[in-house]
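Chemist: What follows is coords-v8.csv, made up of CSV, C-alpha atoms and all ligand atoms:
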chain,number,residue,atom,x,y,z
M,1,MET,CA,0.0,0.0,0.0
M,2,PRO,CA,1.4,3.4,-0.9
M,3,TRP,CA,2.4,6.1,1.6
M,4,ILE,CA,0.9,9.5,0.6
M,5,ALA,CA,2.4,12.8,1.7
M,6,CYS,CA,-0.3,14.9,3.3
M,7,GLU,CA,-0.6,18.4,4.8
M,8,LEU,CA,-3.6,18.2,7.3
M,9,HIS,CA,-4.1,21.8,8.4
M,10,SER,CA,-4.5,24.9,6.2
M,11,HIS,CA,-6.4,28.1,5.6
M,12,THR,CA,-7.5,30.3,2.8
M,13,TYR,CA,-9.1,33.8,2.4
M,14,HIS,CA,-12.4,32.1,3.4
M,15,SER,CA,-11.1,32.4,7.0
M,16,ASP,CA,-7.9,34.1,8.1
M,17,GLY,CA,-5.6,32.7,5.5
M,18,ARG,CA,-3.9,34.9,2.9
M,19,GLN,CA,-4.1,32.6,-0.1
M,20,THR,CA,-6.6,31.2,-2.5
M,21,LEU,CA,-7.2,27.4,-2.7
M,22,LYS,CA,-5.3,27.3,-5.9
M,23,GLU,CA,-2.3,29.1,-4.5
M,24,LEU,CA,-2.4,26.7,-1.5
M,25,ALA,CA,-2.6,23.7,-3.9
M,26,ASN,CA,0.4,24.9,-6.0
M,27,GLY,CA,2.4,25.6,-2.8
M,28,ALA,CA,1.6,22.1,-1.5
M,29,LYS,CA,2.6,20.6,-4.8
M,30,ALA,CA,5.9,22.4,-4.8
M,31,LEU,CA,6.6,20.9,-1.4
M,32,GLY,CA,6.0,17.4,-2.6
M,33,PHE,CA,2.6,16.9,-1.0
M,34,GLU,CA,0.1,14.6,-2.8
M,35,CYS,CA,-2.9,15.8,-0.9
M,36,PHE,CA,-3.9,18.4,1.7
M,37,ALA,CA,-6.8,19.2,3.9
M,38,LEU,CA,-8.5,22.6,3.8
M,39,THR,CA,-9.5,23.3,7.4
M,40,ASP,CA,-10.7,26.9,7.4
M,41,HIS,CA,-12.1,28.3,10.6
M,42,ASN,CA,-15.8,27.5,11.0
M,43,THR,CA,-16.5,27.5,7.3
M,44,MET,CA,-16.4,25.1,4.3
M,45,THR,CA,-17.0,27.7,1.6
M,46,GLY,CA,-13.4,27.6,0.5
M,47,LEU,CA,-14.1,24.2,-0.9
M,48,ASN,CA,-16.4,25.5,-3.6
M,49,ASP,CA,-13.5,25.4,-6.1
M,50,LYS,CA,-12.2,22.0,-4.9
M,51,GLU,CA,-12.9,19.9,-8.0
M,52,ALA,CA,-11.6,22.7,-10.4
M,53,VAL,CA,-8.4,23.2,-8.4
M,54,GLU,CA,-7.9,19.4,-8.1
M,55,GLN,CA,-8.2,19.0,-11.8
M,56,GLU,CA,-6.0,22.0,-12.6
M,57,THR,CA,-3.2,21.1,-10.2
M,58,GLY,CA,-3.4,17.3,-9.9
M,59,ILE,CA,-3.4,17.4,-6.1
M,60,SER,CA,-6.2,15.9,-4.0
M,61,ILE,CA,-8.0,18.1,-1.5
M,62,ILE,CA,-9.6,16.7,1.7
M,63,SER,CA,-12.6,18.6,2.8
M,64,GLY,CA,-12.3,19.8,6.4
M,65,MET,CA,-13.0,22.6,8.9
M,66,GLU,CA,-11.4,23.8,12.0
M,67,TRP,CA,-13.9,24.3,14.8
M,68,THR,CA,-12.7,27.5,16.3
M,69,THR,CA,-14.2,28.1,19.7
M,70,PHE,CA,-13.3,29.8,23.0
M,71,TYR,CA,-12.6,26.4,24.5
M,72,GLY,CA,-10.3,25.0,21.9
M,73,HIS,CA,-9.7,24.4,18.2
M,74,MET,CA,-10.7,21.0,16.8
M,75,VAL,CA,-9.7,20.0,13.3
M,76,THR,CA,-12.3,17.9,11.4
M,77,ILE,CA,-11.6,16.2,8.0
M,78,GLY,CA,-13.6,14.1,5.7
M,79,LEU,CA,-16.9,15.8,6.3
M,80,THR,CA,-19.5,15.6,3.7
M,81,ASP,CA,-21.5,18.5,5.2
M,82,PHE,CA,-21.0,21.5,7.3
M,83,VAL,CA,-21.4,20.6,11.0
M,84,ASP,CA,-22.4,23.6,13.1
M,85,TRP,CA,-19.8,24.3,15.7
M,86,ARG,CA,-21.7,27.1,17.5
M,87,PRO,CA,-23.6,25.1,20.1
M,88,ALA,CA,-20.4,23.5,21.4
M,89,GLY,CA,-20.0,24.7,25.0
M,90,PRO,CA,-17.0,23.7,27.2
M,91,GLY,CA,-18.7,20.6,28.5
M,92,ASP,CA,-20.3,19.2,25.4
M,93,ILE,CA,-17.7,18.7,22.8
M,94,HIS,CA,-18.8,15.0,22.5
M,95,LYS,CA,-22.1,16.1,21.0
M,96,GLY,CA,-20.1,17.9,18.3
M,97,ILE,CA,-17.7,15.0,17.8
M,98,ASP,CA,-20.7,12.6,17.3
M,99,GLU,CA,-22.1,14.9,14.6
M,100,VAL,CA,-18.8,15.0,12.8
M,101,HIS,CA,-18.5,11.2,12.9
M,102,SER,CA,-22.1,10.8,11.6
M,103,SER,CA,-21.2,13.1,8.7
M,104,GLY,CA,-18.3,10.8,7.7
M,105,GLY,CA,-15.6,12.9,9.3
M,106,ILE,CA,-13.0,12.4,11.9
M,107,VAL,CA,-11.7,14.8,14.6
M,108,GLY,CA,-8.3,15.9,15.9
M,109,MET,CA,-7.2,18.2,18.7
M,110,ALA,CA,-5.5,21.1,17.0
M,111,HIS,CA,-2.4,22.5,18.6
M,112,PRO,CA,-3.8,21.6,22.1
M,113,PHE,CA,-1.2,23.5,24.1
M,114,ARG,CA,-0.7,26.6,22.0
M,115,ILE,CA,-0.9,29.7,24.2
M,116,GLY,CA,-4.5,31.0,24.4
M,117,SER,CA,-6.1,34.3,25.1
M,118,PRO,CA,-5.1,37.2,24.7
M,119,ILE,CA,-2.4,35.9,22.2
M,120,CYS,CA,-4.6,33.4,20.4
M,121,THR,CA,-8.2,33.1,21.5
M,122,GLY,CA,-9.3,29.6,22.1
M,123,CYS,CA,-6.1,28.1,20.9
M,124,PHE,CA,-5.4,26.3,24.2
M,125,TRP,CA,-7.6,23.2,24.5
M,126,GLU,CA,-10.1,23.4,27.4
M,127,PHE,CA,-13.0,21.2,26.3
M,128,LYS,CA,-13.6,18.5,28.8
M,129,ILE,CA,-13.0,15.1,27.2
M,130,GLU,CA,-15.1,12.4,28.9
M,131,ASN,CA,-14.1,9.7,26.5
M,132,TRP,CA,-10.8,9.6,24.8
M,133,ASN,CA,-11.9,6.9,22.4
M,134,ASP,CA,-13.9,9.7,20.6
M,135,ILE,CA,-10.7,11.6,19.7
M,136,ASP,CA,-9.4,10.2,16.4
M,137,TYR,CA,-6.1,12.1,16.4
M,138,ILE,CA,-3.9,14.7,18.2
M,139,GLU,CA,-2.0,17.2,16.1
M,140,VAL,CA,1.2,16.8,18.1
M,141,TRP,CA,3.3,18.8,15.8
M,142,SER,CA,2.0,22.3,14.8
M,143,GLY,CA,3.7,24.9,12.6
M,144,THR,CA,7.1,24.7,10.9
M,145,PHE,CA,10.2,23.2,12.6
M,146,PRO,CA,7.6,21.7,15.0
M,147,SER,CA,9.9,19.4,17.0
M,148,ILE,CA,11.6,22.2,18.9
M,149,LYS,CA,8.4,23.9,20.1
M,150,THR,CA,7.6,23.4,23.8
M,151,ASP,CA,3.8,23.3,23.3
M,152,ASN,CA,4.3,20.5,20.7
M,153,ASP,CA,6.5,18.7,23.1
M,154,ARG,CA,3.6,18.8,25.6
M,155,ALA,CA,1.2,17.5,23.0
M,156,TYR,CA,3.6,14.7,22.1
M,157,ARG,CA,3.7,13.7,25.8
M,158,LEU,CA,-0.1,13.9,26.1
M,159,TRP,CA,-0.3,11.5,23.1
M,160,THR,CA,2.2,9.1,24.7
M,161,ASP,CA,0.3,9.2,28.1
M,162,LYS,CA,-2.9,8.3,26.3
M,163,LEU,CA,-1.2,5.4,24.5
M,164,ASN,CA,0.1,4.2,27.9
M,165,GLU,CA,-3.5,4.4,29.3
M,166,GLY,CA,-4.5,2.0,26.5
M,167,TYR,CA,-6.2,4.4,24.0
M,168,ARG,CA,-5.5,4.0,20.3
M,169,ILE,CA,-5.2,7.6,19.1
M,170,ALA,CA,-3.3,8.7,16.0
M,171,ALA,CA,-0.8,11.5,16.0
M,172,THR,CA,-0.3,14.0,13.1
M,173,SER,CA,1.5,17.1,12.1
M,174,GLY,CA,-0.3,20.2,10.7
M,175,ARG,CA,1.4,23.3,9.5
M,176,ASP,CA,-1.6,25.5,10.2
M,177,TRP,CA,-0.7,27.0,6.9
M,178,HIS,CA,-2.0,30.5,6.3
M,179,ALA,CA,0.1,32.0,3.5
M,180,GLN,CA,2.6,31.3,0.8
M,181,GLU,CA,5.6,32.7,2.6
M,182,GLN,CA,9.1,31.5,2.2
M,183,THR,CA,10.6,29.7,5.2
M,184,ASP,CA,13.9,28.1,5.9
M,185,ASP,CA,12.3,26.0,8.7
M,186,PRO,CA,11.9,22.3,8.1
M,187,VAL,CA,8.3,21.5,7.1
M,188,SER,CA,6.7,18.4,8.4
M,189,VAL,CA,4.6,15.9,6.5
M,190,THR,CA,2.1,13.3,7.7
M,191,TYR,CA,2.4,10.3,5.5
M,192,LEU,CA,-0.7,8.1,5.3
M,193,ASN,CA,-0.8,4.5,4.2
M,194,ILE,CA,-3.8,4.3,2.0
M,195,ASP,CA,-5.6,1.3,0.5
M,196,GLU,CA,-5.3,0.8,-3.2
M,197,GLY,CA,-8.9,-0.3,-3.4
M,198,GLU,CA,-12.2,1.6,-4.0
M,199,GLY,CA,-13.0,5.2,-3.1
M,200,THR,CA,-11.6,8.6,-3.6
M,201,VAL,CA,-8.1,9.6,-2.3
M,202,THR,CA,-9.9,11.7,0.2
M,203,SER,CA,-12.0,8.9,1.6
M,204,ARG,CA,-9.0,6.6,1.7
M,205,THR,CA,-6.7,9.1,3.4
M,206,VAL,CA,-9.4,9.8,6.1
M,207,HIS,CA,-9.8,6.0,6.5
M,208,ALA,CA,-6.1,5.5,6.9
M,209,LEU,CA,-5.8,8.3,9.5
M,210,ALA,CA,-8.8,6.9,11.4
M,211,ALA,CA,-6.9,3.6,11.5
M,212,GLY,CA,-3.7,5.2,12.8
M,213,LYS,CA,-1.8,4.4,9.6
M,214,ALA,CA,0.4,7.5,9.8
M,215,SER,CA,4.0,8.4,10.0
M,216,VAL,CA,5.2,12.0,10.6
M,217,THR,CA,8.4,13.5,9.5
M,218,MET,CA,10.5,16.6,8.7
M,219,GLY,CA,12.7,14.5,6.5
M,220,PRO,CA,12.8,10.8,5.6
M,221,LEU,CA,9.8,8.5,5.8
M,222,VAL,CA,10.1,6.0,8.7
M,223,THR,CA,7.9,2.9,8.6
M,224,LEU,CA,7.5,0.1,11.1
M,225,GLU,CA,6.3,-3.5,10.8
M,226,ILE,CA,6.1,-6.2,13.5
M,227,LEU,CA,6.5,-9.8,12.6
M,228,SER,CA,5.1,-12.6,14.7
M,229,ASP,CA,5.6,-16.3,14.0
M,230,THR,CA,2.8,-16.3,11.4
M,231,SER,CA,1.8,-12.7,10.5
M,232,LEU,CA,3.0,-9.2,9.6
M,233,TYR,CA,1.5,-6.1,11.3
M,234,GLY,CA,1.8,-2.6,10.1
M,235,ILE,CA,1.5,0.9,11.7
M,236,GLY,CA,-2.0,1.3,13.2
M,237,ASP,CA,-2.5,-2.5,13.4
M,238,CYS,CA,-3.3,-4.4,16.6
M,239,ILE,CA,-1.7,-7.8,17.2
M,240,PRO,CA,-4.6,-10.1,18.3
M,241,GLU,CA,-4.5,-12.1,21.5
M,242,ASN,CA,-4.4,-15.4,19.6
M,243,ASP,CA,-1.1,-14.4,18.0
M,244,ARG,CA,1.0,-14.1,21.1
M,245,SER,CA,4.8,-14.8,20.8
M,246,ASN,CA,7.5,-14.6,23.4
M,247,THR,CA,9.4,-12.4,21.0
M,248,TYR,CA,8.5,-10.4,17.9
M,249,LYS,CA,10.7,-9.0,15.2
M,250,ALA,CA,10.3,-5.3,14.6
M,251,HIS,CA,11.4,-4.1,11.1
M,252,VAL,CA,12.0,-0.4,10.6
M,253,SER,CA,12.6,1.1,7.1
M,254,ILE,CA,13.9,4.6,6.5
M,255,ASP,CA,13.3,6.1,3.0
M,256,PHE,CA,15.7,9.0,2.4
M,257,HIS,CA,14.6,9.4,-1.2
M,258,LEU,CA,11.0,10.5,-0.9
M,259,ARG,CA,10.6,14.2,-1.6
M,260,LYS,CA,14.2,14.3,-2.4
M,261,GLY,CA,15.6,17.8,-2.9
M,262,ILE,CA,12.7,19.4,-1.0
M,263,TRP,CA,14.2,18.7,2.5
M,264,GLU,CA,17.8,18.5,3.6
M,265,PHE,CA,19.7,18.1,6.8
M,266,PRO,CA,23.4,18.8,6.3
M,267,GLU,CA,24.5,16.8,9.4
M,268,PRO,CA,23.4,13.2,8.7
M,269,ASN,CA,23.9,11.7,12.1
M,270,TYR,CA,20.7,9.9,12.8
M,271,THR,CA,19.7,7.6,15.7
M,272,LEU,CA,16.8,5.2,15.4
M,273,ILE,CA,14.9,4.5,18.5
M,274,LEU,CA,12.2,1.8,19.2
M,275,ILE,CA,10.0,2.9,22.1
M,276,GLY,CA,6.9,1.6,23.8
M,277,ASN,CA,5.0,1.8,27.1
M,278,THR,CA,7.9,0.4,29.0
M,279,GLY,CA,10.3,3.1,27.6
M,280,ILE,CA,13.1,2.8,25.1
M,281,LEU,CA,13.5,-0.8,23.8
M,282,SER,CA,16.4,-0.2,21.5
M,283,GLU,CA,18.6,2.5,20.0
M,284,GLN,CA,20.8,2.3,17.0
M,285,LEU,CA,22.9,4.6,14.8
M,286,VAL,CA,21.7,4.9,11.2
M,287,THR,CA,23.9,4.5,8.2
M,288,LEU,CA,22.6,6.4,5.2
M,289,ASP,CA,23.1,3.5,2.8
M,290,GLN,CA,21.3,1.1,5.1
M,291,PRO,CA,17.5,1.6,4.9
M,292,ASN,CA,16.4,-1.5,6.9
M,293,TYR,CA,16.8,-2.3,10.6
M,294,VAL,CA,15.6,-5.3,12.6
M,295,PHE,CA,15.0,-5.4,16.4
M,296,GLU,CA,13.9,-8.3,18.6
M,297,ILE,CA,11.3,-7.3,21.1
M,298,PRO,CA,9.9,-9.2,24.1
M,299,GLY,CA,6.2,-10.0,23.6
M,300,ASP,CA,5.1,-10.1,27.2
M,301,GLN,CA,5.8,-6.5,28.0
M,302,PHE,CA,4.4,-4.2,25.4
M,303,LEU,CA,1.1,-2.5,24.9
M,304,TRP,CA,2.3,-0.3,22.0
M,305,ILE,CA,5.5,0.3,20.1
M,306,ARG,CA,6.6,3.1,17.7
M,307,ALA,CA,9.8,4.1,16.0
M,308,GLU,CA,11.5,7.5,16.4
M,309,LEU,CA,14.3,9.1,14.4
M,310,LYS,CA,16.5,11.7,16.0
M,311,GLY,CA,19.0,13.9,14.2
M,312,THR,CA,20.7,17.3,14.2
M,313,VAL,CA,19.0,20.3,12.6
M,314,ARG,CA,20.7,23.7,12.8
M,315,GLY,CA,22.9,22.4,15.6
M,316,VAL,CA,20.0,21.1,17.7
M,317,ARG,CA,19.6,17.4,18.5
M,318,THR,CA,15.9,16.8,17.9
M,319,LEU,CA,13.2,14.4,16.9
M,320,ILE,CA,13.1,14.3,13.1
M,321,ALA,CA,10.4,11.7,12.5
M,322,PHE,CA,8.1,9.3,14.4
M,323,THR,CA,5.7,6.5,13.4
M,324,ASN,CA,2.3,6.0,14.8
M,325,ALA,CA,2.0,2.9,17.0
M,326,ILE,CA,1.5,-0.8,16.6
M,327,TYR,CA,-0.6,-2.2,19.4
M,328,LEU,CA,-0.8,-5.5,21.2
M,329,ASN,CA,-4.2,-6.6,22.3
M,330,ARG,CA,-4.4,-7.4,26.0
M,401,ZN,ZN,-6.3,26.8,15.4
M,402,ZN,ZN,-5.7,26.6,12.0
Would you mind giving the structure from this file in structure tokens?
Ligand SMILES: [Zn+2]
Ligand SMILES: [Zn+2]
Modeler:
Amino acid sequence: MPWIACELHSHTYHSDGRQTLKELANGAKALGFECFALTDHNTMTGLNDKEAVEQETGISIISGMEWTTFYGHMVTIGLTDFVDWRPAGPGDIHKGIDEVHSSGGIVGMAHPFRIGSPICTGCFWEFKIENWNDIDYIEVWSGTFPSIKTDNDRAYRLWTDKLNEGYRIAATSGRDWHAQEQTDDPVSVTYLNIDEGEGTVTSRTVHALAAGKASVTMGPLVTLEILSDTSLYGIGDCIPENDRSNTYKAHVSIDFHLRKGIWEFPEPNYTLILIGNTGILSEQLVTLDQPNYVFEIPGDQFLWIRAELKGTVRGVRTLIAFTNAIYLNR
């Protein structure tokens, strides 16, 4: 199944963006994206040109909307219809989430720890979440060069805490892209592993994200597979109880060639980390001409596992990429 490069959070003139849908599409194409979600604040009118722009630029556009309220911003994608955000008070976000789900969409917490009022009204997430199973994804990386931002770090830890508590929630990046401005910052990508079967690219990307088949990066694509005695599991999969092994083999692949020429880190000293609910399971230096790594992992300990890639960007040792998790059913 192919991995598709997606941008999941963007704005046009229809809210506070300073770009047309076509300018956004051309900008996304130039950065090697194959699809992007338009998530204007509280409106879907920017999608009126969707088909025409898709045809003209050859890039797929996912319909979405960012619920922009005093109590938090929630990104929704895959909606077939506008879902009214206005009745959502601080205690009843679940009603809104239910409506988005019944309209075929999924929901993510947008930049949950970005500083709120008076800097950015409602940007900090305050909605009370009664049931974390309702949250499809958390935008753990927001903005450009996201890995070094402390609010993103906090979101990444929230995601990890929820995985440790046994929830299966996806993690994404979103640039919160408002204008075609030049930047030297690394730009992150959410790669989604889509089915080759039926349906539009939009419906298949939404389906992939709902299933946690996502890998996030500012550079190379990192993918993870776990092999039991009989089966192979990919990112987002859950190993069933009847496929218990004492040990599993984790296969990690790093693809340095995707979007080649669009991103570059001049100091190629990468470390690959395999991490789960019990902490770091393994750590290994990466050689650029070696794309595949195999780790043996104990089967009795883990609830979830993901791969992380660290590297040096502008002299800072930082997270470059991370996969979503593979789970073990308990
Ligand atoms: Zn927002
Ligand atoms: Zn936004």
Chemist: Fewer than 2 positions away in the same chain doesn't count, so skip those; otherwise give me all residues within 8 Å of Glu267 of chain M, counting only C-alpha atoms, as a ChimeraX atom specification.
Modeler: /M:265,269,311-313
Chemist: Please provide the set of residues having any atom within 12 Å of Ala88 of chain M, restricted to only C-alpha atoms, with same-chain residues fewer than 2 positions apart removed, written as a PyMOL selection string.
Modeler: chain M and resi 67-74+83-86+90-99+126-128
Chemist: Let me see if you get this right: every residue at most 9 Å from ligand ZN 401 (chain M), counting only C-alpha atoms and all ligand atoms, written as a list in words.
Modeler: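 Using only C-alpha atoms and all ligand atoms, I find these residues within 9 Å of ligand ZN 401 (chain M): His9, His41, Glu66, Trp67, Thr68, Gly72, His73, Met74, Val75, Ala110, His111, Pro112, Arg114, Cys120, Thr121, Gly122, Cys123, Phe124 and Asp176 of chain M.
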Chemist: Quick one: residues within 9 Å of (-12.8, 8.8, 5.5) (file frame), counting only C-alpha atoms, please, as a PyMOL selection string.
Modeler: chain M and resi 77-79+104-106+202-210
Chemist: Please provide the set of residues having any atom within 7 Å of Ile254 of chain M, restricted to only C-alpha atoms, with same-chain residues fewer than 5 positions apart removed, written as a short mmCIF file (atom, residue, chain, number, x, y, z; two decimals) with C-alpha atoms, keeping the file's coordinate frame.
Modeler:
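What follows is the written file part_5.cif:
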data_model
loop_
_atom_site.label_atom_id
_atom_site.label_comp_id
_atom_site.auth_asym_id
_atom_site.auth_seq_id
_atom_site.Cartn_x
_atom_site.Cartn_y
_atom_site.Cartn_z
CA PRO M 220 12.80 10.80 5.60
CA LEU M 221 9.80 8.50 5.80
CA VAL M 222 10.10 6.00 8.70
CA THR M 223 7.90 2.90 8.60
CA PRO M 291 17.50 1.60 4.90
CA ASN M 292 16.40 -1.50 6.90
#
Chemist: List the neighbours of segment 227-230 of chain M out to 10 Å using only C-alpha atoms; skip same-chain residues closer than 3 positions along the sequence, and give me the result as a PyMOL selection string.
Modeler: chain M and resi 233-234+239+243-251+296+299
